[in-house]
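Student: For reference, this is query20.pdb, and it has PDB, C-alpha atoms.
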ATOM      1  CA  MET A   1      49.864-106.375 -27.458
ATOM      2  CA  ALA A   2      50.334-103.126 -25.576
ATOM      3  CA  LEU A   3      49.181-101.235 -28.657
ATOM      4  CA  ASP A   4      46.070-103.364 -28.836
ATOM      5  CA  LEU A   5      45.256-102.578 -25.206
ATOM      6  CA  GLN A   6      45.772 -98.866 -25.828
ATOM      7  CA  GLU A   7      43.497 -98.974 -28.837
ATOM      8  CA  GLN A   8      40.855-100.820 -26.837
ATOM      9  CA  GLU A   9      41.065 -98.197 -24.103
ATOM     10  CA  GLN A  10      40.548 -95.449 -26.683
ATOM     11  CA  ILE A  11      37.582 -97.295 -28.126
ATOM     12  CA  ASP A  12      36.098 -97.730 -24.656
ATOM     13  CA  GLU A  13      36.615 -94.038 -23.916
ATOM     14  CA  LEU A  14      34.966 -93.123 -27.205
ATOM     15  CA  LYS A  15      32.012 -95.357 -26.407
ATOM     16  CA  THR A  16      31.655 -93.776 -22.988
ATOM     17  CA  TRP A  17      31.876 -90.285 -24.454
ATOM     18  CA  TRP A  18      29.309 -91.126 -27.095
ATOM     19  CA  GLN A  19      26.924 -92.528 -24.502
ATOM     20  CA  MET A  20      27.233 -89.258 -22.575
ATOM     21  CA  TYR A  21      27.177 -86.761 -25.439
ATOM     22  CA  GLY A  22      26.175 -88.612 -28.570
ATOM     23  CA  ARG A  23      22.537 -87.612 -28.298
ATOM     24  CA  TRP A  24      23.436 -83.930 -28.129
ATOM     25  CA  VAL A  25      25.863 -84.224 -31.009
ATOM     26  CA  THR A  26      23.130 -85.787 -33.108
ATOM     27  CA  ILE A  27      20.705 -83.011 -32.155
ATOM     28  CA  VAL A  28      23.230 -80.314 -33.047
ATOM     29  CA  ILE A  29      23.905 -81.923 -36.425
ATOM     30  CA  LEU A  30      20.193 -82.213 -37.143
ATOM     31  CA  VAL A  31      19.517 -78.614 -36.123
ATOM     32  CA  ALA A  32      22.397 -77.376 -38.283
ATOM     33  CA  ALA A  33      21.067 -79.360 -41.231
ATOM     34  CA  LEU A  34      17.541 -77.979 -40.738
ATOM     35  CA  VAL A  35      18.828 -74.421 -40.458
ATOM     36  CA  SER A  36      20.829 -74.862 -43.653
ATOM     37  CA  LEU A  37      17.825 -76.295 -45.459
ATOM     38  CA  GLY A  38      15.590 -73.530 -44.143
ATOM     39  CA  TRP A  39      18.006 -70.783 -45.167
ATOM     40  CA  ASN A  40      18.473 -72.195 -48.646
ATOM     41  CA  GLY A  41      14.743 -72.656 -48.985
ATOM     42  CA  TRP A  42      14.060 -69.102 -47.888
ATOM     43  CA  ARG A  43      16.625 -67.745 -50.373
ATOM     44  CA  TRP A  44      15.064 -69.790 -53.174
ATOM     45  CA  TRP A  45      11.585 -68.573 -52.243
ATOM     46  CA  ARG A  46      12.712 -64.926 -52.158
ATOM     47  CA  GLN A  47      14.412 -65.269 -55.521
ATOM     48  CA  HIS A  48      11.342 -66.941 -56.971
ATOM     49  CA  GLN A  49       9.086 -64.179 -55.606
ATOM     50  CA  ALA A  50      11.340 -61.471 -57.029
ATOM     51  CA  GLN A  51      11.322 -63.116 -60.444
ATOM     52  CA  GLU A  52       7.544 -63.463 -60.328
ATOM     53  CA  ALA A  53       7.117 -59.802 -59.371
ATOM     54  CA  ALA A  54       9.376 -58.730 -62.233
ATOM     55  CA  ARG A  55       7.405 -60.895 -64.666
ATOM     56  CA  ILE A  56       4.061 -59.405 -63.584
ATOM     57  CA  GLU A  57       5.455 -55.874 -63.712
ATOM     58  CA  ALA A  58       6.638 -56.526 -67.271
ATOM     59  CA  GLU A  59       3.111 -57.680 -68.165
ATOM     60  CA  LEU A  60       1.726 -54.472 -66.694
ATOM     61  CA  GLU A  61       4.152 -52.311 -68.675
ATOM     62  CA  GLU A  62       3.367 -54.179 -71.878
ATOM     63  CA  ALA A  63      -0.368 -53.780 -71.324
ATOM     64  CA  LEU A  64       0.097 -50.053 -70.735
ATOM     65  CA  SER A  65       2.163 -49.706 -73.893
ATOM     66  CA  ARG A  66      -0.685 -51.274 -75.863
ATOM     67  CA  GLY A  67      -3.319 -49.174 -74.112
ATOM     68  CA  GLU A  68      -4.930 -52.270 -72.581
ATOM     69  CA  LEU A  69      -5.922 -50.708 -69.271
ATOM     70  CA  PRO A  70      -8.121 -53.551 -67.949
ATOM     71  CA  GLN A  71      -5.237 -55.996 -68.418
ATOM     72  CA  ALA A  72      -2.876 -53.521 -66.779
ATOM     73  CA  ARG A  73      -5.179 -53.209 -63.774
ATOM     74  CA  ALA A  74      -5.412 -56.983 -63.486
ATOM     75  CA  ALA A  75      -1.618 -57.227 -63.512
ATOM     76  CA  ALA A  76      -1.364 -54.510 -60.866
ATOM     77  CA  GLN A  77      -3.797 -56.428 -58.668
ATOM     78  CA  ARG A  78      -1.760 -59.627 -59.008
ATOM     79  CA  LEU A  79       1.391 -57.702 -58.176
ATOM     80  CA  ARG A  80      -0.188 -56.379 -54.985
ATOM     81  CA  GLU A  81      -1.540 -59.770 -53.990
ATOM     82  CA  SER A  82       1.812 -61.475 -54.485
ATOM     83  CA  ARG A  83       3.400 -59.222 -51.810
ATOM     84  CA  ALA A  84       6.737 -60.118 -53.367
ATOM     85  CA  ASN A  85       7.846 -56.519 -53.883
ATOM     86  CA  PRO A  86       5.550 -53.981 -52.165
ATOM     87  CA  THR A  87       7.568 -50.994 -53.376
ATOM     88  CA  LEU A  88       7.365 -52.148 -56.996
ATOM     89  CA  ALA A  89       3.628 -52.680 -56.559
ATOM     90  CA  ASP A  90       3.234 -49.127 -55.228
ATOM     91  CA  LEU A  91       5.267 -47.597 -58.041
ATOM     92  CA  SER A  92       3.231 -49.542 -60.589
ATOM     93  CA  GLY A  93       0.035 -48.346 -58.915
ATOM     94  CA  LEU A  94       1.174 -44.731 -59.138
ATOM     95  CA  LYS A  95       2.003 -45.072 -62.816
ATOM     96  CA  LEU A  96      -1.223 -46.909 -63.589
ATOM     97  CA  GLY A  97      -3.259 -44.305 -61.733
ATOM     98  CA  HIS A  98      -1.634 -41.554 -63.782
ATOM     99  CA  GLU A  99      -2.274 -43.405 -67.055
ATOM    100  CA  LEU A 100      -5.925 -43.981 -66.169
ATOM    101  CA  TRP A 101      -6.307 -40.304 -65.309
ATOM    102  CA  GLN A 102      -4.748 -39.282 -68.624
ATOM    103  CA  LYS A 103      -7.180 -41.590 -70.427
ATOM    104  CA  GLY A 104     -10.116 -39.944 -68.659
ATOM    105  CA  ASP A 105     -11.084 -42.817 -66.351
ATOM    106  CA  ARG A 106     -11.061 -40.769 -63.147
ATOM    107  CA  ALA A 107     -12.896 -43.336 -61.025
ATOM    108  CA  ALA A 108     -10.410 -46.098 -61.845
ATOM    109  CA  ALA A 109      -7.479 -43.700 -61.443
ATOM    110  CA  ARG A 110      -8.677 -42.699 -58.004
ATOM    111  CA  GLU A 111      -9.142 -46.326 -56.988
ATOM    112  CA  GLU A 112      -5.575 -47.222 -57.941
ATOM    113  CA  LEU A 113      -4.114 -44.144 -56.273
ATOM    114  CA  ARG A 114      -6.185 -44.502 -53.138
ATOM    115  CA  HIS A 115      -4.983 -48.072 -52.697
ATOM    116  CA  VAL A 116      -1.373 -46.872 -52.662
ATOM    117  CA  ALA A 117      -2.273 -43.880 -50.477
ATOM    118  CA  ASP A 118      -3.994 -46.013 -47.850
ATOM    119  CA  GLN A 119      -1.957 -49.216 -47.986
ATOM    120  CA  GLY A 120       1.388 -48.278 -49.535
ATOM    121  CA  SER A 121       4.618 -49.636 -48.134
ATOM    122  CA  GLU A 122       6.509 -46.344 -47.757
ATOM    123  CA  PRO A 123       5.441 -42.932 -46.388
ATOM    124  CA  TYR A 124       6.714 -40.973 -49.385
ATOM    125  CA  LEU A 125       4.853 -43.141 -51.891
ATOM    126  CA  ARG A 126       1.680 -43.044 -49.783
ATOM    127  CA  ASP A 127       1.767 -39.249 -49.628
ATOM    128  CA  LEU A 128       2.580 -38.926 -53.316
ATOM    129  CA  ALA A 129      -0.404 -41.135 -54.154
ATOM    130  CA  ARG A 130      -2.629 -39.010 -51.886
ATOM    131  CA  LEU A 131      -1.445 -35.869 -53.655
ATOM    132  CA  ARG A 132      -2.254 -37.357 -57.053
ATOM    133  CA  GLU A 133      -5.587 -38.642 -55.823
ATOM    134  CA  ALA A 134      -6.466 -35.105 -54.695
ATOM    135  CA  ALA A 135      -5.589 -33.839 -58.176
ATOM    136  CA  VAL A 136      -7.951 -36.392 -59.714
ATOM    137  CA  LEU A 137     -10.710 -35.378 -57.289
ATOM    138  CA  LEU A 138     -10.180 -31.710 -58.084
ATOM    139  CA  ASP A 139     -10.265 -32.490 -61.795
ATOM    140  CA  SER A 140     -13.553 -34.333 -61.185
ATOM    141  CA  GLY A 141     -15.113 -31.302 -59.503
ATOM    142  CA  SER A 142     -14.822 -32.685 -55.969
ATOM    143  CA  ALA A 143     -12.812 -29.818 -54.490
ATOM    144  CA  GLN A 144     -14.019 -30.318 -50.921
ATOM    145  CA  GLU A 145     -13.111 -33.995 -50.923
ATOM    146  CA  ALA A 146      -9.748 -33.154 -52.473
ATOM    147  CA  PHE A 147      -9.070 -30.639 -49.709
ATOM    148  CA  GLU A 148     -10.014 -33.195 -47.051
ATOM    149  CA  ARG A 149      -7.656 -35.794 -48.522
ATOM    150  CA  LEU A 150      -4.835 -33.267 -48.160
ATOM    151  CA  ALA A 151      -5.560 -32.510 -44.514
ATOM    152  CA  ALA A 152      -2.903 -34.779 -42.974
ATOM    153  CA  ALA A 153       0.669 -33.491 -43.098
ATOM    154  CA  PRO A 154       2.846 -35.258 -45.695
ATOM    155  CA  VAL A 155       6.530 -36.131 -45.553
ATOM    156  CA  PRO A 156       8.679 -32.964 -45.608
ATOM    157  CA  GLU A 157       9.761 -33.522 -49.218
ATOM    158  CA  LEU A 158       6.158 -33.020 -50.383
ATOM    159  CA  ALA A 159       5.124 -30.217 -48.033
ATOM    160  CA  ALA A 160       5.335 -27.451 -50.644
ATOM    161  CA  ARG A 161       3.410 -29.476 -53.219
ATOM    162  CA  TYR A 162       0.706 -30.184 -50.657
ATOM    163  CA  GLU A 163       0.315 -26.476 -49.909
ATOM    164  CA  GLU A 164      -0.005 -25.772 -53.619
ATOM    165  CA  ALA A 165      -2.672 -28.463 -53.960
ATOM    166  CA  ARG A 166      -4.514 -27.113 -50.921
ATOM    167  CA  GLY A 167      -4.433 -23.701 -52.565
ATOM    168  CA  ASP A 168      -5.931 -25.189 -55.743
ATOM    169  CA  ALA A 169      -8.743 -26.836 -53.777
ATOM    170  CA  LEU A 170      -9.460 -23.715 -51.722
ATOM    171  CA  ALA A 171      -9.516 -21.552 -54.856
ATOM    172  CA  ALA A 172     -12.012 -23.944 -56.443
ATOM    173  CA  LEU A 173     -14.160 -23.652 -53.307
ATOM    174  CA  GLY A 174     -14.090 -19.870 -53.526
ATOM    175  CA  ARG A 175     -12.073 -19.487 -50.314
ATOM    176  CA  ILE A 176      -9.764 -16.950 -51.885
ATOM    177  CA  GLU A 177      -7.877 -15.590 -48.889
ATOM    178  CA  GLU A 178      -7.174 -19.108 -47.600
ATOM    179  CA  ALA A 179      -6.036 -20.142 -51.065
ATOM    180  CA  ARG A 180      -3.671 -17.182 -51.266
ATOM    181  CA  ALA A 181      -2.214 -18.074 -47.872
ATOM    182  CA  ALA A 182      -1.739 -21.696 -48.943
ATOM    183  CA  TYR A 183       0.091 -20.618 -52.103
ATOM    184  CA  GLN A 184       2.323 -18.364 -50.049
ATOM    185  CA  ARG A 185       3.157 -21.218 -47.680
ATOM    186  CA  ALA A 186       4.039 -23.307 -50.729
ATOM    187  CA  LEU A 187       6.357 -20.566 -51.987
ATOM    188  CA  ASP A 188       7.969 -20.300 -48.570
ATOM    189  CA  GLN A 189       8.914 -24.002 -48.735
ATOM    190  CA  GLY A 190       9.554 -24.701 -52.433
ATOM    191  CA  ALA A 191      12.764 -23.810 -54.241
ATOM    192  CA  ASP A 192      12.356 -24.922 -57.869
ATOM    193  CA  PRO A 193      12.303 -21.731 -60.006
ATOM    194  CA  ALA A 194       9.905 -22.970 -62.693
ATOM    195  CA  TRP A 195       7.519 -24.352 -60.097
ATOM    196  CA  ARG A 196       7.679 -21.151 -58.022
ATOM    197  CA  GLU A 197       6.764 -19.112 -61.100
ATOM    198  CA  LEU A 198       3.673 -21.258 -61.628
ATOM    199  CA  VAL A 199       2.575 -20.927 -57.995
ATOM    200  CA  GLU A 200       3.124 -17.168 -58.090
ATOM    201  CA  LEU A 201       0.891 -16.974 -61.149
ATOM    202  CA  LYS A 202      -1.793 -18.899 -59.293
ATOM    203  CA  ARG A 203      -1.506 -16.674 -56.240
ATOM    204  CA  ASP A 204      -1.499 -13.427 -58.185
ATOM    205  CA  GLY A 205      -4.309 -14.633 -60.412
ATOM    206  CA  LEU A 206      -6.647 -14.752 -57.443
ATOM    207  CA  GLY A 207      -6.939 -10.964 -57.520
ATOM    208  CA  GLY A 208      -7.954  -8.802 -54.618
TER     209      GLY A 208
END
Mind converting the file's structure to structure tokens?

Tutor:
Amino acid sequence: MALDLQEQEQIDELKTWWQMYGRWVTIVILVAALVSLGWNGWRWWRQHQAQEAARIEAELEEALSRGELPQARAAAQRLRESRANPTLADLSGLKLGHELWQKGDRAAAREELRHVADQGSEPYLRDLARLREAAVLLDSGSAQEAFERLAAAPVPELAARYEEARGDALAALGRIEEARAAYQRALDQGADPAWRELVELKRDGLGG
């Protein structure tokens, strides 16, 4: 009998406790469940996005291997729009821009490179795209526009290459002394022996 009374007291205490805190316990359980669902859902979505980006990038590479540049550009656009992997989209844009340039489609090459240069996800890739875009412009005979695109300072890793490209643009514009100075600044910052030899040839080839 005593045990029954003790059990009843425990039950009554539990009821009282539940009346006081049961609502909050329920809320905590629900919040924990929602957080778990949200986290798992977010992980699934990220994994799905990564897989989709990889699939589109594979399509782009396959189109490039077959020389199907319109299909490659369409894949690059889908990759950008998916926003699943901005860095992968930028790298693909750089490669596509180079391929288009090699195939002689300068306008399309510039469009792809300019997109990365203006909207890329990382400073280095943006500046690399701007450098390549300037090369396309220079190759197209637009030396002044190429020089203007190189006006802003790049990341330090590309500083020497930018000075070389500025020298190329200035030489094409007939601004010989400025071109020579730009080549010298490039030499002052660059260390690669083969590259330095090329820049020295450009500088010395200016004459005067």

Student: Written as an MDAnalysis selection string, what is the full residue list that the PyMOL selection byres ((chain A and resi 91-105) around 9) yields on the file shown?

Tutor: chainID A and resid 57 60:61 64 69 72:73 76:77 79:80 86:90 106:113 115:116 125 128:129 132:133 136

Student: Hey, which of A:Ala179, A:Thr26, A:Ala165, A:Ile56 ends up closest to Leu137 (chain A)? Count all atoms listed in the file.

Tutor: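 Smallest distance to Leu137 (chain A) is found for A:Ala165.
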
Student: Would you kindly return, as number ranges by chain, each protein, DNA or RNA residue with an atom no farther than 6 Å from any atom of region 186-201 of chain A, considering only C-alpha atoms and excluding same-chain residues fewer than 5 positions away?

Tutor: A: 160, 163-164

Student: Take the selection from the previous step and output its residues with C-alpha atoms, as an mmCIF file, in the coordinates of the input.

Tutor:
data_model
loop_
_atom_site.group_PDB
_atom_site.id
_atom_site.type_symbol
_atom_site.label_atom_id
_atom_site.label_comp_id
_atom_site.auth_asym_id
_atom_site.auth_seq_id
_atom_site.Cartn_x
_atom_site.Cartn_y
_atom_site.Cartn_z
ATOM 1 C CA ALA A 160 5.335 -27.451 -50.644
ATOM 2 C CA GLU A 163 0.315 -26.476 -49.909
ATOM 3 C CA GLU A 164 -0.005 -25.772 -53.619
#

Student: Of the candidates A:Leu138, A:Ala75, A:Ser82, A:Tyr124, which one gets nearest to Ala58 (chain A) if we count only C-alpha atoms?

Tutor: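 Smallest distance to Ala58 (chain A) is found for A:Ala75.
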
Student: Please evaluate the PyMOL selection byres ((chain A and resi 167) around 10) against the displayed coordinates and give the resulting residues as a ChimeraX atom specification.

Tutor: /A:147,161-166,168-173,175-186,199,202-203

Student: For Asn85 (chain A), which residue among A:Val28, A:Ala135, A:Ala117, A:Ala54 is the nearest when counting all atoms listed in the file?

Tutor: A:Ala54

Student: Have a look at CA of Glu81 (chain A) and CA of Glu68 (chain A) and let me know their distance in Å, one decimal.

Tutor: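 Computed distance, CA of Glu81 (chain A) to CA of Glu68 (chain A), equals 20.3 Å.
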
Student: Quick one: pull the distance between CA of Arg83 (chain A) and CA of Val155 (chain A), Å, one decimal.

Tutor: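 The value is 24.1 Å.
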
Student: How many Å separate CA of Ala151 (chain A) from CA of Arg130 (chain A)?

Tutor: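 So the two atoms, CA of Ala151 (chain A) and CA of Arg130 (chain A), lie 10.3 Å apart.
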
Student: Out of A:Ser65, A:Ala153, A:Glu52, A:Glu122, which residue has the shortest atom-to-atom distance to Arg78 (chain A) when counting all atoms listed in the file?

Tutor: A:Glu52

Student: Please write a file for region 77-91 of chain A, taken from the block I just shared, that holds all heavy atoms and is laid out as a PDB file, in the first residue's frame.

Tutor:
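See out_30.pdb below for the written result:
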ATOM      1  N   GLN A  77      27.019  28.854 -69.707  1.00  0.00           N
ATOM      2  CA  GLN A  77      25.966  29.734 -69.209  1.00  0.00           C
ATOM      3  C   GLN A  77      25.129  29.030 -68.135  1.00  0.00           C
ATOM      4  O   GLN A  77      24.792  29.625 -67.103  1.00  0.00           O
ATOM      5  CB  GLN A  77      25.070  30.179 -70.371  1.00  0.00           C
ATOM      6  CG  GLN A  77      23.937  31.118 -69.984  1.00  0.00           C
ATOM      7  CD  GLN A  77      24.423  32.439 -69.440  1.00  0.00           C
ATOM      8  OE1 GLN A  77      25.545  32.863 -69.735  1.00  0.00           O
ATOM      9  NE2 GLN A  77      23.606  33.096 -68.629  1.00  0.00           N
ATOM     10  N   ARG A  78      24.803  27.766 -68.360  1.00  0.00           N
ATOM     11  CA  ARG A  78      24.036  27.019 -67.365  1.00  0.00           C
ATOM     12  C   ARG A  78      24.843  26.856 -66.077  1.00  0.00           C
ATOM     13  O   ARG A  78      24.282  26.911 -64.980  1.00  0.00           O
ATOM     14  CB  ARG A  78      23.641  25.645 -67.906  1.00  0.00           C
ATOM     15  CG  ARG A  78      22.659  25.689 -69.055  1.00  0.00           C
ATOM     16  CD  ARG A  78      21.879  24.385 -69.188  1.00  0.00           C
ATOM     17  NE  ARG A  78      22.729  23.207 -69.171  1.00  0.00           N
ATOM     18  CZ  ARG A  78      23.368  22.718 -70.236  1.00  0.00           C
ATOM     19  NH1 ARG A  78      23.270  23.328 -71.403  1.00  0.00           N
ATOM     20  NH2 ARG A  78      24.119  21.631 -70.134  1.00  0.00           N
ATOM     21  N   LEU A  79      26.129  26.657 -66.215  1.00  0.00           N
ATOM     22  CA  LEU A  79      26.986  26.500 -65.052  1.00  0.00           C
ATOM     23  C   LEU A  79      27.015  27.775 -64.227  1.00  0.00           C
ATOM     24  O   LEU A  79      26.967  27.740 -62.995  1.00  0.00           O
ATOM     25  CB  LEU A  79      28.400  26.114 -65.500  1.00  0.00           C
ATOM     26  CG  LEU A  79      29.376  25.665 -64.420  1.00  0.00           C
ATOM     27  CD1 LEU A  79      28.833  24.468 -63.656  1.00  0.00           C
ATOM     28  CD2 LEU A  79      30.716  25.325 -65.051  1.00  0.00           C
ATOM     29  N   ARG A  80      27.064  28.911 -64.903  1.00  0.00           N
ATOM     30  CA  ARG A  80      27.033  30.198 -64.185  1.00  0.00           C
ATOM     31  C   ARG A  80      25.691  30.405 -63.498  1.00  0.00           C
ATOM     32  O   ARG A  80      25.626  30.833 -62.338  1.00  0.00           O
ATOM     33  CB  ARG A  80      27.310  31.348 -65.148  1.00  0.00           C
ATOM     34  CG  ARG A  80      28.758  31.496 -65.572  1.00  0.00           C
ATOM     35  CD  ARG A  80      28.992  32.831 -66.237  1.00  0.00           C
ATOM     36  NE  ARG A  80      28.294  32.944 -67.502  1.00  0.00           N
ATOM     37  CZ  ARG A  80      28.830  32.660 -68.680  1.00  0.00           C
ATOM     38  NH1 ARG A  80      30.082  32.221 -68.756  1.00  0.00           N
ATOM     39  NH2 ARG A  80      28.139  32.799 -69.797  1.00  0.00           N
ATOM     40  N   GLU A  81      24.626  30.108 -64.222  1.00  0.00           N
ATOM     41  CA  GLU A  81      23.287  30.350 -63.678  1.00  0.00           C
ATOM     42  C   GLU A  81      22.961  29.443 -62.501  1.00  0.00           C
ATOM     43  O   GLU A  81      22.187  29.819 -61.627  1.00  0.00           O
ATOM     44  CB  GLU A  81      22.243  30.169 -64.783  1.00  0.00           C
ATOM     45  CG  GLU A  81      22.298  31.260 -65.841  1.00  0.00           C
ATOM     46  CD  GLU A  81      21.359  30.980 -67.010  1.00  0.00           C
ATOM     47  OE1 GLU A  81      20.820  29.847 -67.060  1.00  0.00           O
ATOM     48  OE2 GLU A  81      21.165  31.883 -67.844  1.00  0.00           O
ATOM     49  N   SER A  82      23.555  28.260 -62.474  1.00  0.00           N
ATOM     50  CA  SER A  82      23.275  27.341 -61.369  1.00  0.00           C
ATOM     51  C   SER A  82      23.845  27.841 -60.049  1.00  0.00           C
ATOM     52  O   SER A  82      23.330  27.515 -58.978  1.00  0.00           O
ATOM     53  CB  SER A  82      23.873  25.960 -61.681  1.00  0.00           C
ATOM     54  OG  SER A  82      25.285  25.981 -61.554  1.00  0.00           O
ATOM     55  N   ARG A  83      24.923  28.624 -60.098  1.00  0.00           N
ATOM     56  CA  ARG A  83      25.585  29.170 -58.905  1.00  0.00           C
ATOM     57  C   ARG A  83      26.001  28.073 -57.921  1.00  0.00           C
ATOM     58  O   ARG A  83      26.218  28.337 -56.740  1.00  0.00           O
ATOM     59  CB  ARG A  83      24.688  30.192 -58.199  1.00  0.00           C
ATOM     60  CG  ARG A  83      24.304  31.370 -59.069  1.00  0.00           C
ATOM     61  CD  ARG A  83      23.489  32.404 -58.320  1.00  0.00           C
ATOM     62  NE  ARG A  83      23.089  33.489 -59.173  1.00  0.00           N
ATOM     63  CZ  ARG A  83      23.839  34.542 -59.488  1.00  0.00           C
ATOM     64  NH1 ARG A  83      25.068  34.624 -58.986  1.00  0.00           N
ATOM     65  NH2 ARG A  83      23.401  35.499 -60.280  1.00  0.00           N
ATOM     66  N   ALA A  84      26.086  26.856 -58.402  1.00  0.00           N
ATOM     67  CA  ALA A  84      26.440  25.745 -57.523  1.00  0.00           C
ATOM     68  C   ALA A  84      27.916  25.766 -57.161  1.00  0.00           C
ATOM     69  O   ALA A  84      28.302  25.450 -56.034  1.00  0.00           O
ATOM     70  CB  ALA A  84      26.088  24.418 -58.191  1.00  0.00           C
ATOM     71  N   ASN A  85      28.755  26.144 -58.130  1.00  0.00           N
ATOM     72  CA  ASN A  85      30.200  26.156 -57.907  1.00  0.00           C
ATOM     73  C   ASN A  85      30.781  27.333 -58.686  1.00  0.00           C
ATOM     74  O   ASN A  85      31.266  27.169 -59.807  1.00  0.00           O
ATOM     75  CB  ASN A  85      30.821  24.832 -58.363  1.00  0.00           C
ATOM     76  CG  ASN A  85      32.258  24.687 -57.906  1.00  0.00           C
ATOM     77  OD1 ASN A  85      32.984  25.668 -57.770  1.00  0.00           O
ATOM     78  ND2 ASN A  85      32.662  23.462 -57.672  1.00  0.00           N
ATOM     79  N   PRO A  86      30.760  28.541 -58.107  1.00  0.00           N
ATOM     80  CA  PRO A  86      31.233  29.728 -58.822  1.00  0.00           C
ATOM     81  C   PRO A  86      32.671  29.611 -59.318  1.00  0.00           C
ATOM     82  O   PRO A  86      32.994  30.079 -60.413  1.00  0.00           O
ATOM     83  CB  PRO A  86      31.088  30.843 -57.783  1.00  0.00           C
ATOM     84  CG  PRO A  86      30.025  30.359 -56.855  1.00  0.00           C
ATOM     85  CD  PRO A  86      30.222  28.877 -56.780  1.00  0.00           C
ATOM     86  N   THR A  87      33.545  29.000 -58.519  1.00  0.00           N
ATOM     87  CA  THR A  87      34.936  28.869 -58.939  1.00  0.00           C
ATOM     88  C   THR A  87      35.056  27.987 -60.174  1.00  0.00           C
ATOM     89  O   THR A  87      35.804  28.304 -61.119  1.00  0.00           O
ATOM     90  CB  THR A  87      35.795  28.288 -57.798  1.00  0.00           C
ATOM     91  OG1 THR A  87      35.729  29.153 -56.658  1.00  0.00           O
ATOM     92  CG2 THR A  87      37.243  28.142 -58.229  1.00  0.00           C
ATOM     93  N   LEU A  88      34.337  26.875 -60.190  1.00  0.00           N
ATOM     94  CA  LEU A  88      34.335  25.993 -61.357  1.00  0.00           C
ATOM     95  C   LEU A  88      33.790  26.723 -62.579  1.00  0.00           C
ATOM     96  O   LEU A  88      34.319  26.568 -63.685  1.00  0.00           O
ATOM     97  CB  LEU A  88      33.506  24.744 -61.070  1.00  0.00           C
ATOM     98  CG  LEU A  88      33.425  23.700 -62.190  1.00  0.00           C
ATOM     99  CD1 LEU A  88      34.812  23.182 -62.543  1.00  0.00           C
ATOM    100  CD2 LEU A  88      32.512  22.542 -61.781  1.00  0.00           C
ATOM    101  N   ALA A  89      32.759  27.531 -62.378  1.00  0.00           N
ATOM    102  CA  ALA A  89      32.195  28.302 -63.484  1.00  0.00           C
ATOM    103  C   ALA A  89      33.224  29.290 -64.032  1.00  0.00           C
ATOM    104  O   ALA A  89      33.344  29.465 -65.251  1.00  0.00           O
ATOM    105  CB  ALA A  89      30.940  29.043 -63.022  1.00  0.00           C
ATOM    106  N   ASP A  90      33.983  29.931 -63.145  1.00  0.00           N
ATOM    107  CA  ASP A  90      35.005  30.880 -63.592  1.00  0.00           C
ATOM    108  C   ASP A  90      36.130  30.184 -64.350  1.00  0.00           C
ATOM    109  O   ASP A  90      36.586  30.664 -65.391  1.00  0.00           O
ATOM    110  CB  ASP A  90      35.580  31.635 -62.390  1.00  0.00           C
ATOM    111  CG  ASP A  90      34.572  32.554 -61.733  1.00  0.00           C
ATOM    112  OD1 ASP A  90      33.547  32.856 -62.375  1.00  0.00           O
ATOM    113  OD2 ASP A  90      34.800  32.962 -60.586  1.00  0.00           O
ATOM    114  N   LEU A  91      36.583  29.060 -63.831  1.00  0.00           N
ATOM    115  CA  LEU A  91      37.643  28.311 -64.503  1.00  0.00           C
ATOM    116  C   LEU A  91      37.190  27.839 -65.884  1.00  0.00           C
ATOM    117  O   LEU A  91      37.960  27.884 -66.858  1.00  0.00           O
ATOM    118  CB  LEU A  91      38.059  27.119 -63.648  1.00  0.00           C
ATOM    119  CG  LEU A  91      38.815  27.459 -62.352  1.00  0.00           C
ATOM    120  CD1 LEU A  91      38.962  26.206 -61.489  1.00  0.00           C
ATOM    121  CD2 LEU A  91      40.178  28.052 -62.657  1.00  0.00           C
TER     122      LEU A  91
END
